[in-house]
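Visitor: My structure file coords-v1.pdb, PDB, C-alpha atoms, is below:
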ATOM      1  CA  VAL A  48       0.000   0.000   0.000  1.00  0.00           C
ATOM      2  CA  THR A  49       1.442   3.370  -1.014  1.00  0.00           C
ATOM      3  CA  THR A  50       0.986   6.645   0.843  1.00  0.00           C
ATOM      4  CA  ALA A  51      -1.513   7.727  -1.828  1.00  0.00           C
ATOM      5  CA  GLN A  52      -3.503   4.497  -1.428  1.00  0.00           C
ATOM      6  CA  LEU A  53      -3.503   4.760   2.356  1.00  0.00           C
ATOM      7  CA  TYR A  54      -4.496   8.421   2.032  1.00  0.00           C
ATOM      8  CA  GLU A  55      -7.559   7.353   0.027  1.00  0.00           C
ATOM      9  CA  GLN A  56      -8.391   4.556   2.457  1.00  0.00           C
ATOM     10  CA  LEU A  57      -8.238   6.934   5.427  1.00  0.00           C
ATOM     11  CA  ASN A  58     -11.226   8.734   3.945  1.00  0.00           C
ATOM     12  CA  ASP A  59     -13.285   5.859   5.432  1.00  0.00           C
ATOM     13  CA  VAL A  60     -11.988   6.461   8.963  1.00  0.00           C
ATOM     14  CA  ASN A  61     -14.368   8.314  11.232  1.00  0.00           C
ATOM     15  CA  HIS A  62     -14.925   8.668  14.962  1.00  0.00           C
ATOM     16  CA  SER A  63     -16.412   5.175  15.208  1.00  0.00           C
ATOM     17  CA  LEU A  64     -14.451   2.611  17.146  1.00  0.00           C
ATOM     18  CA  GLU A  65     -15.117   0.034  14.431  1.00  0.00           C
ATOM     19  CA  LYS A  66     -13.352   2.033  11.699  1.00  0.00           C
ATOM     20  CA  ARG A  67     -10.427   2.998  13.909  1.00  0.00           C
ATOM     21  CA  VAL A  68      -9.932  -0.625  14.973  1.00  0.00           C
ATOM     22  CA  GLN A  69     -10.153  -1.789  11.350  1.00  0.00           C
ATOM     23  CA  TYR A  70      -7.394   0.561  10.191  1.00  0.00           C
ATOM     24  CA  THR A  71      -5.342  -0.049  13.318  1.00  0.00           C
ATOM     25  CA  GLN A  72      -5.315  -3.742  12.451  1.00  0.00           C
ATOM     26  CA  LEU A  73      -4.260  -2.920   8.879  1.00  0.00           C
ATOM     27  CA  ILE A  74      -1.194  -1.097  10.256  1.00  0.00           C
ATOM     28  CA  LEU A  75      -0.444  -3.754  12.884  1.00  0.00           C
ATOM     29  CA  ASP A  76      -0.565  -6.425  10.166  1.00  0.00           C
ATOM     30  CA  ASP A  77       1.918  -4.443   8.053  1.00  0.00           C
ATOM     31  CA  PRO A  78       4.083  -2.217  10.298  1.00  0.00           C
ATOM     32  CA  SER A  79       5.876  -0.771   7.268  1.00  0.00           C
ATOM     33  CA  LEU A  80       2.701   1.290   6.731  1.00  0.00           C
ATOM     34  CA  ILE A  81       3.653   3.449   9.738  1.00  0.00           C
ATOM     35  CA  ASP A  82       5.922   5.369   7.377  1.00  0.00           C
ATOM     36  CA  ASN A  83       2.963   6.172   5.109  1.00  0.00           C
ATOM     37  CA  LEU A  84       0.731   6.943   8.082  1.00  0.00           C
ATOM     38  CA  LEU A  85       3.281   9.448   9.393  1.00  0.00           C
ATOM     39  CA  ASP A  86       3.529  11.042   5.938  1.00  0.00           C
ATOM     40  CA  ILE A  87      -0.222  11.649   6.081  1.00  0.00           C
ATOM     41  CA  LEU A  88      -0.185  12.787   9.727  1.00  0.00           C
ATOM     42  CA  PHE A  89       2.376  15.436   8.811  1.00  0.00           C
ATOM     43  CA  MET A  90       0.251  16.779   5.934  1.00  0.00           C
ATOM     44  CA  VAL A  91      -0.700  19.223   8.654  1.00  0.00           C
ATOM     45  CA  ASP A  92      -3.148  21.370   6.690  1.00  0.00           C
ATOM     46  CA  ASP A  93      -5.101  18.363   5.397  1.00  0.00           C
ATOM     47  CA  LYS A  94      -8.102  17.023   7.335  1.00  0.00           C
ATOM     48  CA  ARG A  95      -6.901  13.471   6.716  1.00  0.00           C
ATOM     49  CA  SER A  96      -3.929  14.169   8.953  1.00  0.00           C
ATOM     50  CA  CYS A  97      -6.470  13.971  11.797  1.00  0.00           C
ATOM     51  CA  ARG A  98      -7.608  10.540  10.653  1.00  0.00           C
ATOM     52  CA  ALA A  99      -3.995   9.393  10.439  1.00  0.00           C
ATOM     53  CA  GLY A 100      -3.522  10.668  13.992  1.00  0.00           C
ATOM     54  CA  TRP A 101      -6.545   8.724  15.250  1.00  0.00           C
ATOM     55  CA  VAL A 102      -5.239   5.516  13.710  1.00  0.00           C
ATOM     56  CA  LEU A 103      -1.676   6.087  14.914  1.00  0.00           C
ATOM     57  CA  GLU A 104      -2.943   6.666  18.461  1.00  0.00           C
ATOM     58  CA  PHE A 105      -4.786   3.318  18.399  1.00  0.00           C
ATOM     59  CA  VAL A 106      -1.754   1.570  16.880  1.00  0.00           C
ATOM     60  CA  CYS A 107       0.489   2.960  19.628  1.00  0.00           C
ATOM     61  CA  LYS A 108      -2.006   1.936  22.300  1.00  0.00           C
ATOM     62  CA  LYS A 109      -1.848  -1.652  21.008  1.00  0.00           C
ATOM     63  CA  ASN A 110       1.884  -1.760  20.260  1.00  0.00           C
ATOM     64  CA  LEU A 111       3.912   1.303  21.198  1.00  0.00           C
ATOM     65  CA  LEU A 112       7.166  -0.336  20.147  1.00  0.00           C
ATOM     66  CA  ILE A 113       6.023  -0.186  16.511  1.00  0.00           C
ATOM     67  CA  LEU A 114       6.798   3.559  16.636  1.00  0.00           C
ATOM     68  CA  LEU A 115      10.434   3.097  17.716  1.00  0.00           C
ATOM     69  CA  PRO A 116      12.043   3.214  14.255  1.00  0.00           C
ATOM     70  CA  TYR A 117      10.144   6.457  13.628  1.00  0.00           C
ATOM     71  CA  LEU A 118      10.789   8.301  16.918  1.00  0.00           C
ATOM     72  CA  ASP A 119      13.140  10.774  15.292  1.00  0.00           C
ATOM     73  CA  GLU A 120      10.669  11.692  12.551  1.00  0.00           C
ATOM     74  CA  PHE A 121       7.714  11.748  14.942  1.00  0.00           C
ATOM     75  CA  THR A 122       9.372  13.943  17.558  1.00  0.00           C
ATOM     76  CA  SER A 123      10.981  16.305  15.060  1.00  0.00           C
ATOM     77  CA  LYS A 124       7.664  17.080  13.331  1.00  0.00           C
ATOM     78  CA  ILE A 125       5.010  16.967  16.055  1.00  0.00           C
ATOM     79  CA  HIS A 126       5.307  20.705  16.652  1.00  0.00           C
ATOM     80  CA  LEU A 127       3.964  21.232  13.108  1.00  0.00           C
ATOM     81  CA  VAL A 128       0.633  19.507  13.796  1.00  0.00           C
ATOM     82  CA  HIS A 129      -2.001  22.153  14.493  1.00  0.00           C
ATOM     83  CA  LEU A 130      -5.504  20.892  13.654  1.00  0.00           C
ATOM     84  CA  ASP A 131      -7.285  20.166  16.971  1.00  0.00           C
ATOM     85  CA  SER A 132      -8.353  16.682  15.919  1.00  0.00           C
ATOM     86  CA  ALA A 133      -4.759  15.788  15.047  1.00  0.00           C
ATOM     87  CA  VAL A 134      -3.109  17.513  18.017  1.00  0.00           C
ATOM     88  CA  ARG A 135      -5.089  15.460  20.557  1.00  0.00           C
ATOM     89  CA  PRO A 136      -3.863  12.024  19.354  1.00  0.00           C
ATOM     90  CA  VAL A 137      -0.301  13.350  19.030  1.00  0.00           C
ATOM     91  CA  ALA A 138      -0.467  14.522  22.660  1.00  0.00           C
ATOM     92  CA  LYS A 139      -1.845  11.128  23.690  1.00  0.00           C
ATOM     93  CA  ILE A 140       1.013   9.327  21.915  1.00  0.00           C
ATOM     94  CA  CYS A 141       3.486  11.557  23.770  1.00  0.00           C
ATOM     95  CA  GLU A 142       1.789  10.498  27.005  1.00  0.00           C
ATOM     96  CA  TYR A 143       2.061   6.817  26.015  1.00  0.00           C
ATOM     97  CA  LEU A 144       5.775   7.276  25.378  1.00  0.00           C
ATOM     98  CA  ALA A 145       6.377   9.026  28.706  1.00  0.00           C
ATOM     99  CA  LYS A 146       4.321   6.452  30.645  1.00  0.00           C
ATOM    100  CA  ASN A 147       6.092   3.472  29.161  1.00  0.00           C
ATOM    101  CA  ILE A 148       9.766   4.471  29.397  1.00  0.00           C
ATOM    102  CA  LYS A 149      10.457   2.682  32.677  1.00  0.00           C
ATOM    103  CA  ILE A 150       8.318  -0.435  32.163  1.00  0.00           C
ATOM    104  CA  PRO A 151      10.704  -3.443  32.096  1.00  0.00           C
ATOM    105  CA  GLU A 152       9.102  -5.115  29.070  1.00  0.00           C
ATOM    106  CA  ASN A 153       9.666  -1.861  27.176  1.00  0.00           C
ATOM    107  CA  SER A 154      13.411  -1.681  27.831  1.00  0.00           C
ATOM    108  CA  LEU A 155      13.932  -1.206  24.082  1.00  0.00           C
ATOM    109  CA  LEU A 156      11.852   1.991  24.316  1.00  0.00           C
ATOM    110  CA  GLU A 157      13.994   3.252  27.186  1.00  0.00           C
ATOM    111  CA  PHE A 158      17.100   2.497  25.130  1.00  0.00           C
ATOM    112  CA  MET A 159      15.860   4.133  21.890  1.00  0.00           C
ATOM    113  CA  PHE A 160      13.957   7.079  23.424  1.00  0.00           C
ATOM    114  CA  SER A 161      16.831   9.567  23.398  1.00  0.00           C
ATOM    115  CA  LYS A 162      17.298  12.745  25.384  1.00  0.00           C
ATOM    116  CA  GLN A 163      16.674  14.695  22.166  1.00  0.00           C
ATOM    117  CA  HIS A 164      13.349  12.899  21.591  1.00  0.00           C
ATOM    118  CA  LYS A 165      12.300  13.686  25.155  1.00  0.00           C
ATOM    119  CA  GLU A 166      13.339  17.330  24.837  1.00  0.00           C
ATOM    120  CA  ARG A 167      11.251  17.718  21.683  1.00  0.00           C
ATOM    121  CA  ILE A 168       8.237  16.221  23.442  1.00  0.00           C
ATOM    122  CA  ILE A 169       8.813  18.446  26.483  1.00  0.00           C
ATOM    123  CA  SER A 170       8.918  21.503  24.231  1.00  0.00           C
ATOM    124  CA  VAL A 171       5.719  20.653  22.389  1.00  0.00           C
ATOM    125  CA  CYS A 172       3.917  19.748  25.631  1.00  0.00           C
ATOM    126  CA  PHE A 173       4.821  23.103  27.186  1.00  0.00           C
ATOM    127  CA  ASP A 174       3.499  24.720  23.994  1.00  0.00           C
ATOM    128  CA  TYR A 175       0.238  22.785  24.447  1.00  0.00           C
ATOM    129  CA  MET A 176       0.021  24.019  28.035  1.00  0.00           C
ATOM    130  CA  ILE A 177       0.481  27.701  27.211  1.00  0.00           C
ATOM    131  CA  ASN A 178      -1.395  27.797  23.900  1.00  0.00           C
ATOM    132  CA  ASP A 179      -5.137  27.722  23.380  1.00  0.00           C
ATOM    133  CA  GLU A 180      -5.551  23.944  23.105  1.00  0.00           C
ATOM    134  CA  LYS A 181      -8.466  21.713  24.012  1.00  0.00           C
ATOM    135  CA  VAL A 182      -8.665  20.285  27.537  1.00  0.00           C
ATOM    136  CA  ALA A 183      -7.779  16.718  26.501  1.00  0.00           C
ATOM    137  CA  THR A 184      -4.587  17.905  24.819  1.00  0.00           C
ATOM    138  CA  LYS A 185      -3.622  19.926  27.908  1.00  0.00           C
ATOM    139  CA  ALA A 186      -4.403  16.964  30.182  1.00  0.00           C
ATOM    140  CA  TYR A 187      -2.161  14.618  28.167  1.00  0.00           C
ATOM    141  CA  ALA A 188       0.544  17.286  28.055  1.00  0.00           C
ATOM    142  CA  MET A 189       0.545  17.882  31.802  1.00  0.00           C
ATOM    143  CA  SER A 190       0.741  14.129  32.472  1.00  0.00           C
ATOM    144  CA  THR A 191       3.601  13.781  29.991  1.00  0.00           C
ATOM    145  CA  LEU A 192       5.454  16.683  31.564  1.00  0.00           C
ATOM    146  CA  TYR A 193       4.912  15.286  35.048  1.00  0.00           C
ATOM    147  CA  MET A 194       6.378  11.910  34.033  1.00  0.00           C
ATOM    148  CA  LEU A 195       9.326  13.387  32.131  1.00  0.00           C
ATOM    149  CA  GLY A 196       9.899  15.763  35.047  1.00  0.00           C
ATOM    150  CA  LYS A 197      11.117  12.772  37.044  1.00  0.00           C
ATOM    151  CA  GLU A 198      14.108  12.704  34.694  1.00  0.00           C
ATOM    152  CA  PHE A 199      14.347  16.443  34.052  1.00  0.00           C
ATOM    153  CA  PRO A 200      13.877  18.093  37.479  1.00  0.00           C
ATOM    154  CA  TRP A 201      13.467  21.623  36.087  1.00  0.00           C
ATOM    155  CA  ILE A 202      10.118  20.624  34.535  1.00  0.00           C
ATOM    156  CA  HIS A 203       8.092  20.259  37.734  1.00  0.00           C
ATOM    157  CA  PRO A 204       8.582  23.834  39.030  1.00  0.00           C
ATOM    158  CA  GLU A 205       7.738  25.241  35.581  1.00  0.00           C
ATOM    159  CA  LEU A 206       4.667  23.007  35.322  1.00  0.00           C
ATOM    160  CA  VAL A 207       3.474  24.077  38.790  1.00  0.00           C
ATOM    161  CA  VAL A 208       3.677  27.741  37.761  1.00  0.00           C
ATOM    162  CA  ILE A 209       1.554  27.117  34.648  1.00  0.00           C
ATOM    163  CA  LEU A 210      -1.004  24.923  36.421  1.00  0.00           C
ATOM    164  CA  GLU A 211      -1.465  27.347  39.313  1.00  0.00           C
ATOM    165  CA  ARG A 212      -1.628  30.368  37.003  1.00  0.00           C
ATOM    166  CA  ASP A 213      -4.215  28.838  34.651  1.00  0.00           C
ATOM    167  CA  PHE A 214      -6.238  26.917  37.235  1.00  0.00           C
ATOM    168  CA  PRO A 215      -8.908  29.593  37.944  1.00  0.00           C
ATOM    169  CA  SER A 216      -9.796  30.121  34.281  1.00  0.00           C
ATOM    170  CA  GLN A 217      -9.915  26.486  33.146  1.00  0.00           C
ATOM    171  CA  SER A 218     -12.668  23.877  32.906  1.00  0.00           C
ATOM    172  CA  ALA A 219     -13.590  21.328  35.576  1.00  0.00           C
ATOM    173  CA  ALA A 220     -11.803  18.578  33.622  1.00  0.00           C
ATOM    174  CA  TYR A 221      -8.595  20.622  33.462  1.00  0.00           C
ATOM    175  CA  LYS A 222      -8.842  21.424  37.170  1.00  0.00           C
ATOM    176  CA  ALA A 223      -9.310  17.759  38.082  1.00  0.00           C
ATOM    177  CA  ARG A 224      -6.180  16.672  36.211  1.00  0.00           C
ATOM    178  CA  ALA A 225      -4.209  19.690  37.417  1.00  0.00           C
ATOM    179  CA  ARG A 226      -5.120  18.877  41.047  1.00  0.00           C
ATOM    180  CA  GLN A 227      -3.825  15.319  40.574  1.00  0.00           C
ATOM    181  CA  ILE A 228      -0.561  16.489  39.033  1.00  0.00           C
ATOM    182  CA  LEU A 229       0.004  19.230  41.624  1.00  0.00           C
ATOM    183  CA  LYS A 230      -0.657  16.757  44.449  1.00  0.00           C
ATOM    184  CA  ARG A 231       1.871  14.296  42.988  1.00  0.00           C
ATOM    185  CA  ILE A 232       4.522  16.982  42.538  1.00  0.00           C
ATOM    186  CA  LYS A 233       4.037  18.463  45.995  1.00  0.00           C
ATOM    187  CA  SER A 234       3.968  15.076  47.749  1.00  0.00           C
ATOM    188  CA  LYS A 235       7.479  14.383  46.471  1.00  0.00           C
ATOM    189  CA  LYS A 236       8.936  17.385  48.329  1.00  0.00           C
TER     190      LYS A 236
END
Using the file provided, produce a representation of the structure as C-alpha cells.
Guide:
Amino acid sequence: VTTAQLYEQLNDVNHSLEKRVQYTQLILDDPSLIDNLLDILFMVDDKRSCRAGWVLEFVCKKNLLILLPYLDEFTSKIHLVHLDSAVRPVAKICEYLAKNIKIPENSLLEFMFSKQHKERIISVCFDYMINDEKVATKAYAMSTLYMLGKEFPWIHPELVVILERDFPSQSAAYKARARQILKRIKSKK
C-alpha cells in the first residue's frame, strides 16, 4: 500500500471505534505502513492528517514499540501539527511514550527514546500548556510533563507555575487533572 492508497483509504476512517480498529489492524498487520501513516499525519493542513492521527494513536495503544524506528521523525515534526483533531492524538502518543519508558518489558523503548526525543516532546507539551488547546490535549501534556519531570527536574517547578496560574480560568476537567498532578509533585517534596 502506497501513501496515496492509504491516504484514500483513510477517507473511510471516522470517529467510530469500528473504523479505527479496522485501520489499526491494517497497520499492525503491516508495520511498514507506519511510514505512510506518518507522511499523512504530517500533511498538517489536510483534514486526513487527523484521521492518520486517530489511527496512529490506536496503533500505539496496542503496540507502542512499533513507533520506535520512527521516533526521530515523529518527535521532530510533532510541533507542526495544528488541527485540533490531530493535536489530541499526538499529545496522547506523547503520554504513552512518557508512561512506558520505565516499564521493564519496554526496555527497548527506554534504550531508543533519546534525550533529544524527550526534549522535543517536552517543548511541544509546554506549547500545548500555554497555547489555546483543548482540555484533553492539555491533560495529556501535563501528564507527559509530570512523568518526564522525574528525569528532568526543572520541569516540575515550571509546570506548577503554569497549572497554578491557569487553574482559575480552566474547565472542571482541566482542574481535576491539574489537582492530581500538583498533588503528585508536591507530595514528592
Visitor: Starting from the PyMOL selection byres ((chain A and resi 222) around 12), expand the selection into actual residues of this file and give them as number ranges by chain.
Guide: A: 182-183, 185-186, 189, 210-221, 223-230
Visitor: Go ahead and write the selection's residues with C-alpha atoms as a CSV table (one decimal), keeping the file's coordinate frame.
Guide:
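Here's the written file out_20.csv:
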chain,number,residue,atom,x,y,z
A,182,VAL,CA,-8.7,20.3,27.5
A,183,ALA,CA,-7.8,16.7,26.5
A,185,LYS,CA,-3.6,19.9,27.9
A,186,ALA,CA,-4.4,17.0,30.2
A,189,MET,CA,0.5,17.9,31.8
A,210,LEU,CA,-1.0,24.9,36.4
A,211,GLU,CA,-1.5,27.3,39.3
A,212,ARG,CA,-1.6,30.4,37.0
A,213,ASP,CA,-4.2,28.8,34.7
A,214,PHE,CA,-6.2,26.9,37.2
A,215,PRO,CA,-8.9,29.6,37.9
A,216,SER,CA,-9.8,30.1,34.3
A,217,GLN,CA,-9.9,26.5,33.1
A,218,SER,CA,-12.7,23.9,32.9
A,219,ALA,CA,-13.6,21.3,35.6
A,220,ALA,CA,-11.8,18.6,33.6
A,221,TYR,CA,-8.6,20.6,33.5
A,223,ALA,CA,-9.3,17.8,38.1
A,224,ARG,CA,-6.2,16.7,36.2
A,225,ALA,CA,-4.2,19.7,37.4
A,226,ARG,CA,-5.1,18.9,41.0
A,227,GLN,CA,-3.8,15.3,40.6
A,228,ILE,CA,-0.6,16.5,39.0
A,229,LEU,CA,0.0,19.2,41.6
A,230,LYS,CA,-0.7,16.8,44.4
Visitor: What lies within 8 Å of region 120-123 of chain A using all atoms listed in the file, ignoring chain neighbours under 5 positions off, as an MDAnalysis selection string?
Guide: chainID A and resid 85 164 167:168
Visitor: Neighbours of Asp92 (chain A) within 9 Å (all atoms listed in the file; same-chain residues fewer than 4 positions away dropped), as a count of residues only?
Guide: 4
Visitor: For a quick check of understanding, using all atoms listed in the file, which of A:Gly100, A:Pro78, A:Gly196, A:Pro116 has the smallest distance to Phe173 (chain A)?
Guide: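 Among the listed residues, A:Gly196 lies closest to Phe173 (chain A).
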Visitor: Would you kindly translate the PyMOL selection byres ((chain A and resi 99) around 10) into the concrete residues it picks from this file, as a PyMOL selection string?
Guide: chain A and resi 53-54+57-58+60+67+70-71+81+83-90+94-98+100-104+133+136
Visitor: Convert the output of the PyMOL selection byres ((chain A and resi 175) around 9) on the shown file into explicit residues, formatted as an MDAnalysis selection string.
Guide: chainID A and resid 134 138 170:174 176:181 184:185 188:189
Visitor: Report, in Å with one decimal, the straight-line distance from CA of Trp201 (chain A) to CA of Gln163 (chain A).
Guide: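 Computed distance, CA of Trp201 (chain A) to CA of Gln163 (chain A), equals 15.9 Å.
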Visitor: For CA of Thr49 (chain A) and CA of Ile125 (chain A), determine how far apart the two atoms are, in Å to one decimal place.
Guide: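 Distance reported for this atom pair: 22.1 Å.
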Visitor: Compare A:Ser132, A:Ser190, A:Asn147, A:Gln72 by their minimum atom-to-atom distance to Lys109 (chain A), counting only C-alpha atoms, and give me the closest one.
Guide: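 For Lys109 (chain A), the nearest of the given residues is A:Gln72.
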Visitor: Find the residues around Leu115 (chain A) up to 9 Å (only C-alpha atoms counted), leave out those fewer than 6 positions away in its own chain, and share them as a PyMOL selection string.
Guide: chain A and resi 155-156+159-160
Visitor: So which residues touch region 231-235 of chain A within 9 Å, counting all atoms listed in the file, skipping near sequence neighbours fewer than 5 positions away, as a ChimeraX atom specification?
Guide: /A:193,203-204,207,226
Visitor: What is the CA of Phe158 (chain A)-CA of Leu127 (chain A) distance in Å, reported with one decimal?
Guide: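 Rounded to one decimal, the two atoms are 25.8 Å apart.
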Visitor: Starting from the sparse input, extend region 51-62 of chain A to N, CA, C and O atoms and give the output as an mmCIF file, in the coordinates of the input.
Guide:
data_model
loop_
_atom_site.group_PDB
_atom_site.id
_atom_site.type_symbol
_atom_site.label_atom_id
_atom_site.label_comp_id
_atom_site.auth_asym_id
_atom_site.auth_seq_id
_atom_site.Cartn_x
_atom_site.Cartn_y
_atom_site.Cartn_z
ATOM 1 N N ALA A 51 -0.308 7.255 -1.118
ATOM 2 C CA ALA A 51 -1.513 7.727 -1.828
ATOM 3 C C ALA A 51 -2.690 6.784 -1.610
ATOM 4 O O ALA A 51 -3.829 7.233 -1.407
ATOM 5 N N GLN A 52 -2.427 5.473 -1.648
ATOM 6 C CA GLN A 52 -3.503 4.497 -1.428
ATOM 7 C C GLN A 52 -4.017 4.567 0.012
ATOM 8 O O GLN A 52 -5.226 4.549 0.246
ATOM 9 N N LEU A 53 -3.088 4.657 0.953
ATOM 10 C CA LEU A 53 -3.503 4.760 2.356
ATOM 11 C C LEU A 53 -4.264 6.064 2.582
ATOM 12 O O LEU A 53 -5.264 6.089 3.303
ATOM 13 N N TYR A 54 -3.814 7.132 1.946
ATOM 14 C CA TYR A 54 -4.496 8.421 2.032
ATOM 15 C C TYR A 54 -5.961 8.270 1.616
ATOM 16 O O TYR A 54 -6.875 8.756 2.292
ATOM 17 N N GLU A 55 -6.184 7.583 0.508
ATOM 18 C CA GLU A 55 -7.559 7.353 0.027
ATOM 19 C C GLU A 55 -8.354 6.495 1.005
ATOM 20 O O GLU A 55 -9.517 6.762 1.288
ATOM 21 N N GLN A 56 -7.706 5.451 1.523
ATOM 22 C CA GLN A 56 -8.391 4.556 2.457
ATOM 23 C C GLN A 56 -8.776 5.273 3.751
ATOM 24 O O GLN A 56 -9.819 4.977 4.343
ATOM 25 N N LEU A 57 -7.952 6.209 4.187
ATOM 26 C CA LEU A 57 -8.238 6.934 5.427
ATOM 27 C C LEU A 57 -9.490 7.792 5.322
ATOM 28 O O LEU A 57 -10.020 8.236 6.345
ATOM 29 N N ASN A 58 -9.976 8.004 4.122
ATOM 30 C CA ASN A 58 -11.226 8.734 3.945
ATOM 31 C C ASN A 58 -12.378 8.005 4.642
ATOM 32 O O ASN A 58 -13.356 8.616 5.029
ATOM 33 N N ASP A 59 -12.240 6.669 4.786
ATOM 34 C CA ASP A 59 -13.285 5.859 5.432
ATOM 35 C C ASP A 59 -13.231 5.938 6.957
ATOM 36 O O ASP A 59 -14.182 5.531 7.628
ATOM 37 N N VAL A 60 -12.127 6.419 7.504
ATOM 38 C CA VAL A 60 -11.988 6.461 8.963
ATOM 39 C C VAL A 60 -12.828 7.606 9.512
ATOM 40 O O VAL A 60 -12.810 8.713 8.988
ATOM 41 N N ASN A 61 -13.585 7.282 10.552
ATOM 42 C CA ASN A 61 -14.368 8.314 11.232
ATOM 43 C C ASN A 61 -14.199 8.128 12.731
ATOM 44 O O ASN A 61 -13.321 7.401 13.171
ATOM 45 N N HIS A 62 -15.050 8.747 13.506
ATOM 46 C CA HIS A 62 -14.925 8.668 14.962
ATOM 47 C C HIS A 62 -15.344 7.319 15.529
ATOM 48 O O HIS A 62 -15.130 7.059 16.712
#
